[in-house]
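J.: Structure provided below as structure tokens; questions to follow.
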Amino acid sequence: MTVRMITCDELATNYEDMCLLQKYYWDLEKSATPTALLLPWILSPAKKKKSAATKALYTILKNYIDKLFCWERGMRNIGLLVEPLHKRLSAIPIAAWEDDMPIVDLVRCEIIHITQNQTLLRRNVSDDMEFCGQKIAKGEFIVYSIYDSHMNPDFYENPEMFNPDHYRPWREEDKKSTFAYVGWGAGRYPCPGMKVAKLEMKAILVLFLAI
């Protein structure tokens with residue numbers, strides 16, 4: 001269903017490529033091993049597998065995108081398309097991308113709320129410190145479970161059910177606590193690339209739908 005919604009019919013109906021997509025996706029998921037996360041500079045088997053799966057996914061998707069753009073060029077050559085799609089999309093002001101897609105924003109927030117439930121690791125690289133009554137020595141890790149926030153029934157009504165209405169102005173369940181929603185980080189230093197990432201998600205979705 002996801003592939004059919006955000007890609008194209010040619011890919012969604014190609015059973016062989018769909019099986020390959022599923023295989024490479026799970027290869028990526030399984031490559032997030034403790035060794036790969038804690039020691040990212042080591043060329044471990046999981047890291048090699050991740051690199052190979054990423055390249056394979058890119059190759060499959062690029063093949064379909066190239067075919068779709070060939071179709072667009074053909075339509076433009078016979079006069080049915082005046083301007084390339086990317087030029088028409090680039091004419092849309094940034095403010096419209098950021099503010100005029102409220103439903104897409106709600107869905108994006110809920111997707112992150114449902115899927116981002118891993119454990120965060122933060123290492124103390126400064127001097128010894130005290131946190132919640134516990135001493136955190138230099139070099140030690142602090143572990144934080146996103147699941148405890150995103151699936152907390154004190155914050156979200158039926159947290160495990162997909163429901164973008166969690167973020168409607170009259171509910172705003174993600175604002176019941178400072179750390180009720182940590183999809184982009186929280187506190188003083190959230191993700192610095194958050195705005196760019198949100199814009200990129202919308203651009204990719206619009207590109208697929210427009211093509």
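Chain labels run A, B, ... following the order of the structure tokens; each chain numbers its residues from 1, and ligands are numbered from 1 in the order shown.
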Please provide as a PyMOL selection string all residues within 12 Å of Asp154 (chain A), with the sequence filter that same-chain residues fewer than 5 positions apart are discarded (counting only C-alpha atoms).

T.: chain A and resi 148-149+159+173-177+180

J.: In terms of the shortest atom-to-atom distance over only C-alpha atoms, which of A:Glu160, A:Glu10, A:Glu200, A:Asp17 is closest to His113 (chain A)?

T.: A:Glu160

J.: Once DSSP has gone over the backbone, tell me which residues of region 47-199 of chain A are in strand (DSSP E or B), as a ChimeraX atom specification.

T.: /A:119-123,129-131,134-136,141-145,183,185

J.: Suppose you want the space between CA of Leu106 (chain A) and CA of Asp165 (chain A); what is it in Å?

T.: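 Here the two named atoms are 7.2 Å from each other.
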
J.: Looking at only C-alpha atoms, which of A:Arg168, A:Arg188, A:His150, A:Arg108 is the one that sits closest to Lys202 (chain A)?

T.: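 Closest candidate: A:Arg108.
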
J.: When you look at Asn117 (chain A) with a cut-off of 10 Å (counting only C-alpha atoms), what residues show up, excluding the ones that are within fewer than 5 positions of it in the same chain? I need them as a ChimeraX atom specification.

T.: /A:112,145-151,182-183

J.: Looking only at alpha helix (DSSP H) from DSSP on the backbone, list the matching residues of region 39-153 of chain A as a ChimeraX atom specification.

T.: /A:45-77,85-90,94-99,102-115,147-150

J.: Using only C-alpha atoms, please write the residues we just selected to a file, as a compact mmCIF listing (two decimals), in the first residue's frame.

T.:
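Writing done, so here's result-v1.txt:
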```txt
# COMPACT_ATOMS: atom_id res chain seq x y z
CA PRO A 45 29.79 -6.84 8.39
CA ALA A 46 26.61 -4.92 9.28
CA LYS A 47 28.05 -1.72 7.84
CA LYS A 48 29.05 -3.50 4.63
CA LYS A 49 25.56 -4.96 4.36
CA LYS A 50 24.02 -1.52 4.91
CA SER A 51 26.13 -0.01 2.15
CA ALA A 52 25.19 -2.76 -0.30
CA ALA A 53 21.47 -2.51 0.55
CA THR A 54 21.50 1.29 0.17
CA LYS A 55 23.12 1.04 -3.26
CA ALA A 56 20.67 -1.67 -4.37
CA LEU A 57 17.63 0.37 -3.24
CA TYR A 58 18.96 3.44 -5.04
CA THR A 59 19.50 1.47 -8.24
CA ILE A 60 15.98 0.05 -8.26
CA LEU A 61 14.25 3.37 -7.57
CA LYS A 62 16.49 5.30 -9.98
CA ASN A 63 15.51 2.94 -12.77
CA TYR A 64 11.82 3.79 -12.35
CA ILE A 65 12.47 7.51 -11.90
CA ASP A 66 14.53 7.58 -15.11
CA LYS A 67 11.68 5.88 -16.97
CA LEU A 68 9.17 8.42 -15.66
CA PHE A 69 11.36 11.37 -16.63
CA CYS A 70 11.81 9.88 -20.11
CA TRP A 71 8.02 9.86 -20.38
CA GLU A 72 7.91 13.50 -19.28
CA ARG A 73 10.51 14.51 -21.85
CA GLY A 74 8.54 12.72 -24.55
CA MET A 75 5.35 14.52 -23.58
CA ARG A 76 7.19 17.84 -23.61
CA ASN A 77 8.65 17.16 -27.05
CA LEU A 85 8.09 19.48 -13.64
CA HIS A 86 10.97 20.52 -11.39
CA LYS A 87 10.78 24.08 -12.71
CA ARG A 88 7.07 24.31 -11.99
CA LEU A 89 7.57 22.98 -8.49
CA SER A 90 10.50 25.33 -7.84
CA ILE A 94 9.01 28.31 0.46
CA ALA A 95 6.23 29.71 2.67
CA ALA A 96 3.65 27.67 0.73
CA TRP A 97 5.69 24.47 1.15
CA GLU A 98 6.00 25.08 4.89
CA ASP A 99 2.52 26.42 5.75
CA PRO A 102 -1.43 21.08 7.07
CA ILE A 103 -2.73 17.56 6.43
CA VAL A 104 0.66 16.40 5.16
CA ASP A 105 2.23 17.89 8.30
CA LEU A 106 -0.18 16.00 10.55
CA VAL A 107 0.44 12.71 8.74
CA ARG A 108 4.20 13.22 8.84
CA CYS A 109 4.11 13.85 12.60
CA GLU A 110 2.06 10.72 13.19
CA ILE A 111 4.30 8.54 11.02
CA ILE A 112 7.32 9.65 13.05
CA HIS A 113 5.36 9.18 16.28
CA ILE A 114 4.52 5.58 15.36
CA THR A 115 7.84 4.54 13.81
CA TYR A 147 8.92 4.50 23.26
CA ASP A 148 8.27 5.65 26.84
CA SER A 149 7.23 9.06 25.48
CA HIS A 150 5.60 8.27 22.14
```

J.: Env of region 141-143 of chain A: 7 Å cut, atoms = only C-alpha atoms, seq-sep filter 2 positions within chain, self excluded. Answer as a PyMOL selection string.

T.: chain A and resi 119-124+139+145

J.: With only C-alpha atoms as the basis for distance, which of A:Leu43, A:Ala137, A:Ala12, A:Ala203 is at the shortest distance from Ser31 (chain A)?

T.: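 Comparing A:Leu43, A:Ala137, A:Ala12, A:Ala203 against Ser31 (chain A), the winner is A:Leu43.
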
J.: With only C-alpha atoms as the atoms that count, which of A:Lys23, A:Leu11, A:Glu29, A:Gln134 lies nearest to Gln118 (chain A)?

T.: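 Counting only C-alpha atoms, the residue closest to Gln118 (chain A) is A:Glu29.
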
J.: Between CA of Tyr156 (chain A) and CA of Leu205 (chain A), what is the distance in Å, rounded to a tenth?

T.: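 CA of Leu205 (chain A) lies at a distance of 26.9 Å from CA of Tyr156 (chain A).
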
J.: Quick check, in Å to one decimal: how far apart do CA of Met101 (chain A) and CA of Trp170 (chain A) lie?

T.: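 Value for the CA of Met101 (chain A)-CA of Trp170 (chain A) distance: 17.9 Å.
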
J.: Of the candidates A:Trp41, A:Phe155, A:Phe208, A:Trp26, which one gets nearest to Phe179 (chain A) if we count only C-alpha atoms?

T.: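 When distances to Phe179 (chain A) are compared using only C-alpha atoms, the smallest one comes from A:Phe155.
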